[in-house]
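**Student:** Structure file target-v2.cif (mmCIF, C-alpha atoms) right here:
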```
data_data
#
loop_
_atom_site.label_atom_id
_atom_site.label_comp_id
_atom_site.auth_asym_id
_atom_site.auth_seq_id
_atom_site.Cartn_x
_atom_site.Cartn_y
_atom_site.Cartn_z
CA MET F 21 1.09 -27.37 -26.99
CA SER F 22 2.94 -28.87 -29.92
CA ALA F 23 0.78 -30.36 -32.63
CA THR F 24 3.59 -32.55 -33.92
CA GLU F 25 3.86 -34.68 -30.81
CA SER F 26 3.61 -38.33 -31.59
CA GLY F 27 0.28 -39.88 -30.73
CA ASN F 28 -1.65 -37.29 -32.65
CA VAL F 29 -3.52 -38.69 -35.59
CA ILE F 30 -3.97 -35.23 -37.05
CA ALA F 31 -1.58 -32.35 -36.44
CA VAL F 32 -2.25 -28.98 -38.03
CA GLU F 33 0.16 -26.17 -37.26
CA SER F 34 -0.26 -22.48 -38.08
CA LEU F 35 -2.21 -23.27 -41.22
CA THR F 36 -3.22 -20.26 -43.30
CA ARG F 37 -5.00 -20.45 -46.62
CA LYS F 38 -5.98 -17.46 -48.69
CA PHE F 39 -8.28 -17.31 -51.66
CA GLY F 40 -7.39 -14.00 -53.23
CA ARG F 41 -7.14 -11.64 -50.30
CA LYS F 42 -9.62 -13.44 -48.14
CA ALA F 43 -8.16 -15.81 -45.56
CA ALA F 44 -10.29 -18.95 -45.58
CA LEU F 45 -8.08 -20.30 -42.81
CA ASP F 46 -6.12 -17.98 -40.59
CA ASN F 47 -3.32 -19.43 -38.47
CA VAL F 48 -5.19 -22.59 -37.46
CA SER F 49 -3.45 -25.07 -35.15
CA LEU F 50 -5.03 -28.20 -33.77
CA ALA F 51 -4.10 -31.70 -32.70
CA VAL F 52 -6.30 -34.76 -32.70
CA PRO F 53 -5.12 -37.45 -30.28
CA GLU F 54 -5.55 -41.11 -31.12
CA GLY F 55 -8.85 -42.68 -30.06
CA CYS F 56 -10.62 -39.36 -29.82
CA VAL F 57 -13.82 -38.09 -31.36
CA TYR F 58 -13.02 -34.61 -32.60
CA GLY F 59 -15.78 -32.23 -33.60
CA LEU F 60 -15.17 -29.27 -35.89
CA VAL F 61 -17.95 -26.72 -35.69
CA GLY F 62 -18.62 -23.50 -37.50
CA GLY F 63 -21.22 -21.74 -39.59
CA ASN F 64 -21.39 -21.58 -43.35
CA GLY F 65 -18.19 -20.29 -44.87
CA ALA F 66 -16.30 -20.61 -41.60
CA GLY F 67 -13.60 -22.68 -43.30
CA LYS F 68 -14.57 -26.21 -42.23
CA THR F 69 -14.52 -27.75 -45.69
CA THR F 70 -11.30 -25.92 -46.58
CA LEU F 71 -9.67 -27.46 -43.50
CA VAL F 72 -10.97 -30.94 -44.38
CA LYS F 73 -9.57 -30.56 -47.90
CA HIS F 74 -6.15 -29.87 -46.42
CA LEU F 75 -6.42 -33.03 -44.35
CA LEU F 76 -7.17 -35.02 -47.49
CA GLY F 77 -4.32 -33.43 -49.43
CA THR F 78 -6.67 -31.79 -51.93
CA PHE F 79 -5.25 -28.44 -50.87
CA LYS F 80 -1.59 -27.84 -50.18
CA ALA F 81 -0.75 -25.76 -47.13
CA GLN F 82 0.30 -22.25 -48.22
CA THR F 83 1.64 -21.48 -44.77
CA GLY F 84 2.00 -23.92 -41.91
CA SER F 85 1.91 -27.68 -41.93
CA VAL F 86 -0.54 -30.54 -41.99
CA ARG F 87 0.16 -34.11 -40.86
CA VAL F 88 -2.33 -36.94 -41.00
CA LEU F 89 -1.32 -40.30 -39.50
CA GLY F 90 2.20 -38.90 -39.39
CA GLU F 91 2.35 -38.13 -43.12
CA ASP F 92 1.98 -35.07 -45.28
CA PRO F 93 -1.22 -35.80 -47.22
CA VAL F 94 0.00 -33.82 -50.24
CA ARG F 95 3.31 -35.67 -50.51
CA SER F 96 2.04 -39.11 -49.52
CA PRO F 97 -1.54 -39.25 -50.75
CA VAL F 98 -1.66 -43.03 -51.10
CA GLU F 99 -0.32 -43.72 -47.61
CA VAL F 100 -2.80 -41.27 -46.12
CA LEU F 101 -5.91 -41.95 -48.17
CA SER F 102 -5.61 -45.73 -47.88
CA ARG F 103 -5.89 -45.33 -44.12
CA VAL F 104 -8.61 -42.67 -43.94
CA GLY F 105 -12.30 -43.50 -44.19
CA TYR F 106 -13.78 -40.39 -45.75
CA LEU F 107 -17.37 -39.36 -46.22
CA SER F 108 -17.76 -36.15 -48.18
CA GLU F 109 -20.57 -33.73 -47.66
CA ASP F 110 -21.89 -34.11 -51.21
CA ARG F 111 -21.38 -37.91 -51.15
CA ASP F 112 -20.72 -38.24 -54.84
CA LEU F 113 -21.32 -41.96 -55.36
CA PRO F 114 -21.77 -43.49 -58.83
CA GLY F 115 -25.54 -43.43 -59.25
CA TRP F 116 -25.72 -46.14 -61.89
CA MET F 117 -24.19 -48.77 -59.62
CA ARG F 118 -26.28 -51.15 -57.57
CA VAL F 119 -25.45 -51.28 -53.86
CA ARG F 120 -23.85 -54.69 -54.42
CA ASP F 121 -21.59 -53.29 -57.19
CA TRP F 122 -20.71 -50.32 -55.02
CA LEU F 123 -19.40 -52.64 -52.33
CA ARG F 124 -17.31 -54.66 -54.80
CA TYR F 125 -16.04 -51.47 -56.41
CA SER F 126 -15.00 -50.04 -53.03
CA GLU F 127 -13.45 -53.35 -52.00
CA ALA F 128 -11.08 -53.16 -54.96
CA PHE F 129 -9.65 -49.90 -53.63
CA TYR F 130 -8.80 -51.05 -50.16
CA PRO F 131 -6.60 -54.08 -49.43
CA ALA F 132 -7.86 -54.06 -45.84
CA TRP F 133 -11.54 -54.30 -46.89
CA ASP F 134 -13.49 -56.62 -44.59
CA ALA F 135 -16.25 -58.11 -46.74
CA GLU F 136 -17.99 -59.78 -43.84
CA TYR F 137 -18.09 -56.53 -41.90
CA ALA F 138 -19.31 -54.68 -45.00
CA GLU F 139 -22.16 -57.17 -45.30
CA ARG F 140 -23.09 -56.73 -41.64
CA LEU F 141 -23.10 -52.96 -42.08
CA ARG F 142 -25.24 -53.25 -45.20
CA GLU F 143 -27.81 -55.24 -43.25
CA ARG F 144 -27.69 -52.91 -40.26
CA PHE F 145 -28.16 -49.89 -42.53
CA GLY F 146 -31.05 -51.63 -44.30
CA LEU F 147 -29.57 -51.22 -47.80
CA ASP F 148 -30.99 -53.51 -50.49
CA PRO F 149 -28.06 -54.90 -52.54
CA ASP F 150 -30.07 -54.77 -55.78
CA THR F 151 -31.08 -51.11 -55.59
CA ARG F 152 -29.27 -48.63 -57.80
CA ILE F 153 -27.57 -45.86 -55.84
CA LYS F 154 -29.45 -43.13 -57.71
CA ARG F 155 -32.70 -44.66 -56.40
CA LEU F 156 -31.59 -44.44 -52.77
CA SER F 157 -32.94 -41.74 -50.50
CA ARG F 158 -30.54 -39.09 -49.19
CA GLY F 159 -30.19 -40.93 -45.92
CA GLU F 160 -29.56 -44.25 -47.67
CA THR F 161 -26.96 -42.67 -49.94
CA ALA F 162 -25.20 -41.31 -46.88
CA LYS F 163 -25.29 -44.76 -45.32
CA ALA F 164 -23.84 -46.32 -48.51
CA GLY F 165 -21.01 -43.75 -48.40
CA LEU F 166 -20.47 -44.36 -44.71
CA LEU F 167 -20.37 -48.11 -45.28
CA ALA F 168 -17.53 -47.72 -47.77
CA ALA F 169 -15.70 -45.43 -45.33
CA LEU F 170 -16.01 -47.95 -42.48
CA ALA F 171 -15.61 -51.38 -44.06
CA PHE F 172 -11.83 -51.31 -44.35
CA ARG F 173 -11.57 -50.38 -40.66
CA PRO F 174 -9.43 -47.28 -41.19
CA PRO F 175 -7.54 -45.88 -38.20
CA LEU F 176 -9.06 -42.47 -38.98
CA LEU F 177 -12.62 -41.72 -39.97
CA LEU F 178 -13.04 -38.29 -41.54
CA LEU F 179 -16.62 -37.12 -41.96
CA ASP F 180 -17.49 -33.78 -43.53
CA GLU F 181 -20.94 -32.69 -42.39
CA PRO F 182 -22.12 -36.31 -42.19
CA SER F 183 -25.57 -35.41 -40.92
CA SER F 184 -26.24 -32.56 -43.27
CA GLY F 185 -29.73 -32.76 -44.74
CA LEU F 186 -30.50 -36.17 -43.25
CA ASP F 187 -33.58 -37.42 -41.45
CA PRO F 188 -33.19 -38.27 -37.74
CA SER F 189 -32.94 -42.01 -38.36
CA ALA F 190 -30.06 -41.70 -40.80
CA ARG F 191 -28.40 -39.19 -38.45
CA ARG F 192 -28.66 -41.68 -35.65
CA ASN F 193 -27.02 -44.38 -37.79
CA ILE F 194 -24.14 -42.04 -38.44
CA LEU F 195 -23.69 -41.15 -34.79
CA GLU F 196 -23.89 -44.81 -33.81
CA ALA F 197 -21.23 -45.61 -36.38
CA ILE F 198 -19.00 -42.92 -34.88
CA ILE F 199 -19.48 -44.38 -31.43
CA ARG F 200 -18.85 -47.97 -32.53
CA THR F 201 -15.71 -46.83 -34.33
CA VAL F 202 -14.15 -45.41 -31.21
CA ALA F 203 -15.70 -47.81 -28.70
CA GLY F 204 -14.63 -50.95 -30.49
CA GLU F 205 -11.06 -50.51 -31.55
CA GLY F 206 -9.97 -47.14 -30.29
CA ARG F 207 -9.85 -45.65 -33.75
CA THR F 208 -10.12 -41.91 -34.27
CA VAL F 209 -12.97 -39.84 -35.69
CA PHE F 210 -12.76 -36.30 -37.01
CA PHE F 211 -16.06 -34.82 -38.11
CA SER F 212 -17.34 -31.42 -39.04
CA SER F 213 -20.89 -30.43 -38.22
CA HIS F 214 -23.17 -27.51 -37.73
CA LEU F 215 -25.48 -29.64 -35.57
CA LEU F 216 -24.08 -28.66 -32.23
CA GLU F 217 -26.28 -30.99 -30.25
CA GLU F 218 -24.71 -33.94 -32.06
CA VAL F 219 -21.22 -32.66 -31.44
CA GLU F 220 -22.07 -32.17 -27.78
CA ARG F 221 -23.18 -35.81 -27.58
CA VAL F 222 -20.27 -37.55 -29.19
CA ALA F 223 -17.18 -35.33 -29.23
CA ASP F 224 -14.29 -35.51 -26.74
CA ARG F 225 -12.69 -32.42 -28.19
CA VAL F 226 -14.04 -29.58 -30.20
CA ALA F 227 -12.70 -26.82 -32.40
CA MET F 228 -14.83 -23.80 -33.24
CA LEU F 229 -14.05 -22.11 -36.49
CA HIS F 230 -15.32 -18.66 -37.32
CA GLN F 231 -14.22 -16.68 -40.36
CA GLY F 232 -11.20 -18.92 -40.75
CA ARG F 233 -10.01 -18.53 -37.17
CA LEU F 234 -10.24 -20.93 -34.27
CA VAL F 235 -12.24 -19.22 -31.56
CA PHE F 236 -12.11 -22.22 -29.23
CA GLU F 237 -10.15 -25.46 -29.20
CA GLY F 238 -10.17 -27.90 -26.34
CA THR F 239 -11.89 -30.78 -24.62
CA MET F 240 -15.62 -30.68 -24.01
CA GLU F 241 -14.71 -30.87 -20.35
CA ASP F 242 -12.64 -27.68 -20.59
CA LEU F 243 -15.44 -26.02 -22.49
CA HIS F 244 -17.91 -26.80 -19.74
CA ALA F 245 -15.52 -25.91 -16.95
CA THR F 246 -14.82 -22.46 -18.40
CA HIS F 247 -18.22 -21.36 -19.71
CA HIS F 248 -21.25 -20.63 -17.61
CA ARG F 249 -24.73 -19.29 -18.14
CA TRP F 250 -26.16 -16.76 -15.72
CA MET F 251 -29.50 -15.16 -15.12
CA LEU F 252 -29.12 -11.74 -13.60
CA ARG F 253 -31.62 -9.31 -12.18
CA PHE F 254 -30.79 -5.70 -11.55
CA PRO F 255 -32.81 -3.82 -8.91
CA GLN F 256 -32.70 -0.89 -11.33
CA ALA F 257 -32.50 -1.35 -15.07
CA PRO F 258 -28.95 -0.42 -16.13
CA ALA F 259 -28.57 2.27 -18.75
CA GLY F 260 -27.38 0.36 -21.80
CA HIS F 261 -25.54 -2.92 -21.37
CA PRO F 262 -24.42 -3.85 -17.86
CA ASN F 263 -20.67 -3.51 -17.52
CA LEU F 264 -19.45 -7.09 -17.09
CA PRO F 265 -16.04 -7.68 -18.72
CA GLY F 266 -16.17 -11.43 -17.94
CA ALA F 267 -19.26 -11.86 -20.11
CA LEU F 268 -18.74 -13.23 -23.61
CA HIS F 269 -22.31 -12.41 -24.39
CA LEU F 270 -25.07 -10.44 -22.72
CA GLU F 271 -28.69 -10.41 -23.68
CA GLY F 272 -31.69 -8.76 -22.12
CA ASP F 273 -33.27 -5.47 -21.37
CA GLY F 274 -34.58 -3.65 -18.37
CA GLN F 275 -33.88 -5.53 -15.17
CA ASP F 276 -33.41 -9.06 -16.46
CA TRP F 277 -30.32 -10.21 -18.34
CA THR F 278 -28.73 -13.46 -19.31
CA ALA F 279 -24.97 -13.78 -19.65
CA VAL F 280 -22.54 -16.39 -20.88
CA SER F 281 -19.28 -15.99 -19.01
CA GLU F 282 -15.81 -17.23 -19.74
CA GLY F 283 -13.30 -18.28 -17.13
CA ASP F 284 -13.65 -18.82 -13.44
CA ALA F 285 -17.28 -18.88 -12.34
CA GLU F 286 -16.60 -17.39 -8.91
CA ARG F 287 -14.81 -14.44 -10.45
CA PHE F 288 -17.80 -13.70 -12.65
CA ARG F 289 -20.13 -14.09 -9.69
CA THR F 290 -18.12 -11.49 -7.78
CA GLU F 291 -18.12 -9.22 -10.83
CA ALA F 292 -21.88 -9.50 -11.28
CA LEU F 293 -22.59 -8.87 -7.60
CA ALA F 294 -20.27 -5.86 -7.66
CA ALA F 295 -22.22 -4.53 -10.65
CA GLY F 296 -25.32 -4.62 -8.46
CA ALA F 297 -26.91 -7.70 -10.00
CA GLU F 298 -28.78 -10.35 -8.16
CA ILE F 299 -27.96 -13.83 -9.49
CA THR F 300 -31.21 -15.63 -10.10
CA GLY F 301 -29.81 -18.56 -12.00
CA HIS F 302 -26.47 -20.17 -12.77
CA SER F 303 -25.70 -23.27 -14.77
CA GLY F 304 -23.28 -24.68 -17.28
CA ALA F 305 -23.44 -23.42 -20.84
CA SER F 306 -24.12 -25.80 -23.70
CA LEU F 307 -21.85 -26.04 -26.73
CA GLU F 308 -24.50 -24.19 -28.70
CA GLU F 309 -24.66 -21.35 -26.19
CA VAL F 310 -20.89 -21.07 -26.12
CA PHE F 311 -20.76 -21.08 -29.90
CA LEU F 312 -23.38 -18.38 -30.23
CA ALA F 313 -21.74 -16.32 -27.51
CA ARG F 314 -18.38 -16.56 -29.23
CA VAL F 315 -19.27 -16.03 -32.85
CA GLY F 316 -22.29 -13.83 -32.43
CA HIS F 317 -25.91 -14.69 -32.95
CA ALA F 318 -25.79 -13.59 -36.55
CA ALA F 319 -23.66 -16.57 -37.58
CA VAL F 320 -25.57 -18.79 -39.93
CA LEU F 321 -25.97 -22.32 -38.64
CA GLU F 322 -28.29 -23.62 -41.31
CA ASP F 323 -27.37 -25.95 -44.11
CA MET M 24 -32.61 -48.54 -16.78
CA ARG M 25 -33.65 -45.75 -19.13
CA LEU M 26 -31.84 -42.44 -19.04
CA TYR M 27 -32.79 -39.28 -20.87
CA LEU M 28 -30.23 -36.80 -22.06
CA ALA M 29 -30.63 -33.16 -22.92
CA PRO M 30 -27.42 -32.34 -24.79
CA ASN M 31 -28.38 -28.69 -25.11
CA SER M 32 -29.12 -28.14 -21.45
CA GLY M 33 -25.66 -26.85 -20.57
CA THR M 34 -25.12 -29.63 -18.05
CA PRO M 35 -22.24 -31.83 -19.22
CA ILE M 36 -23.52 -35.19 -20.42
CA TYR M 37 -21.44 -37.19 -17.94
CA VAL M 38 -22.99 -35.14 -15.13
CA GLN M 39 -26.45 -35.88 -16.51
CA ILE M 40 -25.63 -39.60 -16.50
CA VAL M 41 -24.21 -39.45 -12.96
CA GLU M 42 -27.22 -37.52 -11.65
CA GLN M 43 -29.73 -39.85 -13.24
CA ILE M 44 -28.04 -43.03 -12.06
CA LYS M 45 -27.82 -41.55 -8.57
CA HIS M 46 -31.51 -40.86 -8.87
CA VAL M 47 -32.20 -44.43 -9.97
CA ILE M 48 -30.23 -45.77 -7.00
CA ALA M 49 -31.68 -43.26 -4.55
CA SER M 50 -35.20 -44.21 -5.56
CA GLY M 51 -34.50 -47.90 -5.08
CA ARG M 52 -34.97 -48.86 -8.71
CA LEU M 53 -31.48 -50.31 -8.65
CA VAL M 54 -30.34 -52.03 -5.47
CA GLU M 55 -27.12 -53.48 -4.10
CA GLY M 56 -25.60 -56.02 -6.44
CA ASP M 57 -27.54 -54.91 -9.53
CA GLU M 58 -25.36 -54.60 -12.58
CA LEU M 59 -25.18 -51.44 -14.66
CA PRO M 60 -24.99 -51.72 -18.44
CA THR M 61 -21.46 -51.96 -19.85
CA VAL M 62 -19.82 -48.71 -20.91
CA ARG M 63 -20.16 -49.71 -24.55
CA ALA M 64 -23.78 -50.75 -24.25
CA LEU M 65 -24.80 -47.54 -22.48
CA ALA M 66 -22.80 -45.41 -24.94
CA GLN M 67 -24.59 -47.05 -27.84
CA GLN M 68 -27.99 -46.85 -26.17
CA LEU M 69 -27.59 -43.14 -25.38
CA VAL M 70 -25.63 -42.38 -28.56
CA VAL M 71 -22.85 -40.70 -26.64
CA ASN M 72 -19.08 -41.01 -26.55
CA PRO M 73 -17.99 -44.10 -24.56
CA ASN M 74 -15.42 -41.95 -22.74
CA THR M 75 -18.32 -39.90 -21.40
CA VAL M 76 -19.99 -43.00 -19.95
CA LEU M 77 -16.66 -44.18 -18.56
CA ARG M 78 -16.18 -40.81 -16.93
CA ALA M 79 -19.66 -41.04 -15.36
CA TYR M 80 -18.98 -44.56 -14.04
CA GLN M 81 -15.66 -43.43 -12.57
CA GLU M 82 -17.44 -40.59 -10.83
CA LEU M 83 -20.10 -42.96 -9.44
CA GLU M 84 -17.33 -45.27 -8.25
CA HIS M 85 -15.55 -42.35 -6.63
CA LEU M 86 -18.79 -41.49 -4.83
CA GLY M 87 -18.96 -45.08 -3.59
CA LEU M 88 -22.27 -45.75 -5.30
CA VAL M 89 -20.95 -48.47 -7.58
CA VAL M 90 -18.03 -50.87 -7.65
CA ARG M 91 -16.27 -51.68 -10.89
CA ARG M 92 -14.79 -55.15 -11.19
CA GLN M 93 -12.13 -55.59 -13.80
CA GLY M 94 -13.40 -57.58 -16.73
CA SER M 95 -16.71 -58.28 -15.10
CA GLY M 96 -18.80 -55.15 -14.86
CA THR M 97 -20.14 -52.34 -12.74
CA TYR M 98 -22.41 -53.09 -9.78
CA VAL M 99 -24.42 -51.03 -7.34
CA SER M 100 -22.47 -51.08 -4.10
CA GLY M 101 -23.71 -51.97 -0.64
CA GLU M 102 -22.55 -48.63 0.65
CA GLY M 103 -25.11 -46.91 -1.48
CA SER M 104 -27.63 -46.11 1.22
CA PRO M 105 -25.94 -43.34 3.23
CA LEU M 106 -24.77 -41.70 0.02
CA ALA M 107 -28.12 -42.20 -1.54
CA GLU M 108 -29.44 -40.21 1.39
CA THR M 109 -27.12 -37.35 0.46
CA ALA M 110 -28.05 -37.72 -3.19
CA ARG M 111 -31.75 -37.55 -2.32
CA LEU M 112 -31.20 -34.48 -0.23
CA LYS M 113 -29.23 -32.84 -3.03
CA ILE M 114 -31.89 -33.61 -5.62
CA MET M 115 -34.65 -32.20 -3.44
CA THR M 116 -32.56 -29.17 -2.51
CA GLU M 117 -32.15 -28.29 -6.18
CA LYS M 118 -35.88 -28.64 -6.77
CA VAL M 119 -36.71 -26.48 -3.75
CA ASP M 120 -34.17 -23.85 -4.83
CA ALA M 121 -35.73 -23.66 -8.28
CA LEU M 122 -39.17 -23.37 -6.70
CA LEU M 123 -38.02 -20.55 -4.43
CA TYR M 124 -36.57 -18.62 -7.37
CA ASP M 125 -39.78 -19.06 -9.34
CA ALA M 126 -41.86 -18.00 -6.38
CA ARG M 127 -39.79 -14.89 -6.00
CA HIS M 128 -40.10 -13.99 -9.66
CA MET M 129 -43.84 -14.36 -9.47
CA ASP M 130 -44.01 -12.31 -6.29
CA PHE M 131 -45.25 -15.23 -4.29
CA SER M 132 -44.60 -14.83 -0.56
CA ARG M 133 -42.95 -17.58 1.47
CA GLU M 134 -46.17 -17.99 3.47
CA ALA M 135 -48.26 -18.29 0.33
CA LEU M 136 -45.84 -20.89 -0.99
CA SER M 137 -45.96 -22.93 2.22
CA GLU M 138 -49.73 -22.80 2.17
CA LEU M 139 -49.76 -23.90 -1.45
CA ILE M 140 -47.47 -26.84 -0.65
CA ASP M 141 -49.76 -27.97 2.18
CA GLU M 142 -52.79 -27.52 0.00
CA ARG M 143 -51.29 -29.50 -2.89
CA ALA M 144 -50.16 -32.27 -0.55
CA ARG M 145 -53.73 -32.57 0.70
CA ALA M 146 -55.12 -32.46 -2.83
CA LEU M 147 -52.73 -35.18 -4.01
CA ASN M 148 -53.40 -37.14 -0.85
CA LEU M 149 -49.69 -37.61 -0.21
CA ASP M 150 -49.42 -36.80 3.50
CA HIS M 151 -50.77 -39.93 5.08
CA GLU M 152 -49.00 -42.20 2.58
CA THR M 153 -45.53 -40.95 3.26
CA GLU M 154 -45.63 -40.39 6.99
CA GLY M 155 -42.58 -41.94 8.63
CA LYS M 156 -41.41 -43.31 5.30
CA ARG M 157 -39.05 -41.96 2.75
CA THR M 158 -40.59 -39.67 0.25
CA PRO M 159 -40.95 -41.15 -3.20
CA ASP M 160 -39.15 -39.14 -5.81
CA GLU M 161 -41.89 -37.22 -7.37
CA GLY M 162 -42.74 -38.11 -10.94
CA ASP M 163 -40.11 -40.82 -11.25
CA SER M 164 -41.62 -43.59 -9.21
CA LYS M 165 -43.45 -44.93 -12.24
CA ALA M 166 -40.36 -46.07 -14.11
#
```
For the file at hand, write its structure as structure tokens.
**Tutor:**
Amino acid sequence: MSATESGNVIAVESLTRKFGRKAALDNVSLAVPEGCVYGLVGGNGAGKTTLVKHLLGTFKAQTGSVRVLGEDPVRSPVEVLSRVGYLSEDRDLPGWMRVRDWLRYSEAFYPAWDAEYAERLRERFGLDPDTRIKRLSRGETAKAGLLAALAFRPPLLLLDEPSSGLDPSARRNILEAIIRTVAGEGRTVFFSSHLLEEVERVADRVAMLHQGRLVFEGTMEDLHATHHRWMLRFPQAPAGHPNLPGALHLEGDGQDWTAVSEGDAERFRTEALAAGAEITGHSGASLEEVFLARVGHAAVLED
Amino acid sequence: MRLYLAPNSGTPIYVQIVEQIKHVIASGRLVEGDELPTVRALAQQLVVNPNTVLRAYQELEHLGLVVRRQGSGTYVSGEGSPLAETARLKIMTEKVDALLYDARHMDFSREALSELIDERARALNLDHETEGKRTPDEGDSKA
């Protein structure tokens, strides 16, 4: 698959970034088609923010290439940033401004700003125009940042951990905004998150980053077609781990084990039966289960 | 129509939507000619990707349970009944399978299970209500 094909809003090819000797990104390639909701998942320190910074042109690719809306974000920052609605994880908004000032201030940056739409969003998000930003709650601050990222109707919305540290109601607003963005005008959303349930809900495609490497990249449909969860029962407890090469992850002891398999389900079934197991349950694996199976249960998923 | 999603269940969300709408049709809560919510409306209500809802509607159309009319909407089809029959059978088969696995894990014999089913049916007073009629989908008839 070539990431430079036209029609891709984001194309990252063989991107490697080292800080000292440590590779924060190691040969990462991904392509985000137009109109897609793309979820980037990974634990702390997996390289998500480093990747986002490359997309914004904050970091220059050491090896490999990055294209956003067909441009190199380092060489053409204005062309790229004027068409990307970005919400940063730390949401550094000017605290002394009132919400009303914040809207006018943001409007000045973007020729395509839609003041009527901004006002509708402000009402929907329940933001009082007279409140100073530093007096807003975390969730409200996130909504104010999101508003500014949406109101000029950018073709690409780039959200770095948009739900991080938010209450469920603010999280819901963010997810709804993502859905409206793609449902309405076929624009594209790229967001990073450690909340796998949210990614499962809204993403078409997903990339899993672990220690700077992509451990999975594909559509949610592919993910579900190729990963399965099994409950196995052995008539006699195997000594050590059961020998099942198709299992990405095995957990259990004694007679009862659960496995997450990769690849063709029937092949794993045959493998498990041949190993003497009785299959007592079989279902699809969730994004969270696949993630844990791939990166190990030790990976930190907290804020 | 209210649907409930469990994103972490391992069942793809479009499958969850398909299964639940089948259930709604099979149980007679939606009948021929009833309109389903638009893709956008359902996506926003469920907070899921609109492509996922579209995928579910395409699947339901493929199964013959709904017809999609360009620019107008998605309606429960008149051919729903025979397929609803299959859907009902499939739903009950899954529930029975799960019950059989549980019974086995708890060392419950088949005879003991059958007896328990008869006993519960008597206790819930279901037998005489459902004789010769279709069985209401347990637990969902209230919606």
**Student:** Find, counting all atoms listed in the file, the residue in F:Val202, F:Leu113, F:Leu268, F:Val222 that gets nearest to chain M.
**Tutor:**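 Checking each candidate against chain M, we get F:Val222 as the closest.
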**Student:** Residues within 7 Å of Glu282 of chain F, please, as a list in words. Count all atoms listed in the file; anything in the same chain fewer than 4 positions from it doesn't count.
**Tutor:**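 Listing them by chain and then by number gives Thr246, His247, His248, Gly266, Ala267 and Leu268 of chain F.
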**Student:** Going by the chain IDs and residue numbers used in this file, which residues fall under the PyMOL selection byres ((chain F) within 9 of (chain M))? Write them as a VMD selection string.
**Tutor:** chain F and resid 56 to 57 192 195 to 196 198 to 200 202 to 204 216 to 218 220 to 224 240 to 241 244 248 to 249 300 to 301 303 to 309
**Student:** I need the residue nearest Gln39 of chain M from this list: M:Leu53, M:Val119, M:Val89, M:Val76. Use only C-alpha atoms for the distance.
**Tutor:** M:Val76
**Student:** Residues within 8 Å of Ala169 of chain F, please, as a VMD selection string. Count all atoms listed in the file; anything in the same chain fewer than 4 positions from it doesn't count.
**Tutor:** chain F and resid 104 to 107 165 173 to 174 177
**Student:** Next, the residues of the selection above should be written as a compact mmCIF listing (two decimals), keeping the file's coordinate frame with C-alpha atoms.
**Tutor:**
```
# COMPACT_ATOMS: atom_id res chain seq x y z
CA VAL F 104 -8.61 -42.67 -43.94
CA GLY F 105 -12.30 -43.50 -44.19
CA TYR F 106 -13.78 -40.39 -45.75
CA LEU F 107 -17.37 -39.36 -46.22
CA GLY F 165 -21.01 -43.75 -48.40
CA ARG F 173 -11.57 -50.38 -40.66
CA PRO F 174 -9.43 -47.28 -41.19
CA LEU F 177 -12.62 -41.72 -39.97
```
**Student:** What's the separation between atom CA of Asn263 of chain F and atom CA of Gly316 of chain F, in Å to one decimal place?
**Tutor:**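 Between atom CA of Asn263 of chain F and atom CA of Gly316 of chain F the gap is 18.2 Å.
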**Student:** If you measure from atom CA of Arg37 of chain F to atom CA of Gly62 of chain F, what distance in Å do you get, rounded to one decimal?
**Tutor:**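 Between atom CA of Arg37 of chain F and atom CA of Gly62 of chain F the gap works out to 16.7 Å.
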**Student:** Out of F:Lys154, F:Glu99, F:Phe210, F:Ala227, which residue has the shortest atom-to-atom distance to Phe311 of chain F when counting all atoms listed in the file?
**Tutor:**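 Of F:Lys154, F:Glu99, F:Phe210, F:Ala227, the one nearest Phe311 of chain F is F:Ala227, counting all atoms listed in the file.
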**Student:** What does the distance between atom CA of Leu264 of chain F and atom CA of Phe288 of chain F come to in Å, to one decimal place?
**Tutor:**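 Going from atom CA of Leu264 of chain F over to atom CA of Phe288 of chain F covers 8.1 Å.
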**Student:** Could you give me, as a list in words, the residues that have an atom at most 9 Å away from the point (-3.8, -25.0, -36.9) in the coordinates of the file, using all atoms listed in the file?
**Tutor:** Ala23, Ala31, Val32, Glu33, Ser34, Leu35, Thr36, Leu45, Asp46, Asn47, Val48, Ser49, Leu50, Ala51, Gly84, Ser85, Val86, Arg233 and Leu234 of chain F
**Student:** May I ask which of the residues F:Leu215, F:Leu89, F:Leu179, F:Ala294 is the closest one to Lys73 of chain F, counting all atoms listed in the file?
**Tutor:** F:Leu179
**Student:** Taking the file as shown, what set of residues would the PyMOL selection byres ((chain M and resi 114) around 12) give back, as a list in words?
**Tutor:**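 For this structure, the PyMOL selection byres ((chain M and resi 114) around 12) resolves to Glu42, Gln43, Lys45, His46, Val47, Ala49, Ser50, Ala107, Glu108, Thr109, Ala110, Arg111, Leu112, Lys113, Met115, Thr116, Glu117, Lys118, Val119, Asp120, Ala121, Asp160 and Glu161 of chain M.
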**Student:** Quick one: everything within 12 Å of Leu76 of chain F, counting only C-alpha atoms, minus sequence neighbours fewer than 2 positions away in the same chain. Send it as a PyMOL selection string.
**Tutor:** chain F and resi 30+69-74+78-81+86-89+91-108+176-180+210
**Student:** Quick one: of F:Arg155, F:Tyr130, F:Val315, F:Asp110, who's nearest to Gly232 of chain F, counting all atoms listed in the file?
**Tutor:** F:Val315
**Student:** Find, counting only C-alpha atoms, the residue in M:Leu88, M:Glu142, M:Ser95, M:Met129 that gets nearest to Val54 of chain M.
**Tutor:**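 Under the stated criterion, the closest residue is M:Leu88.
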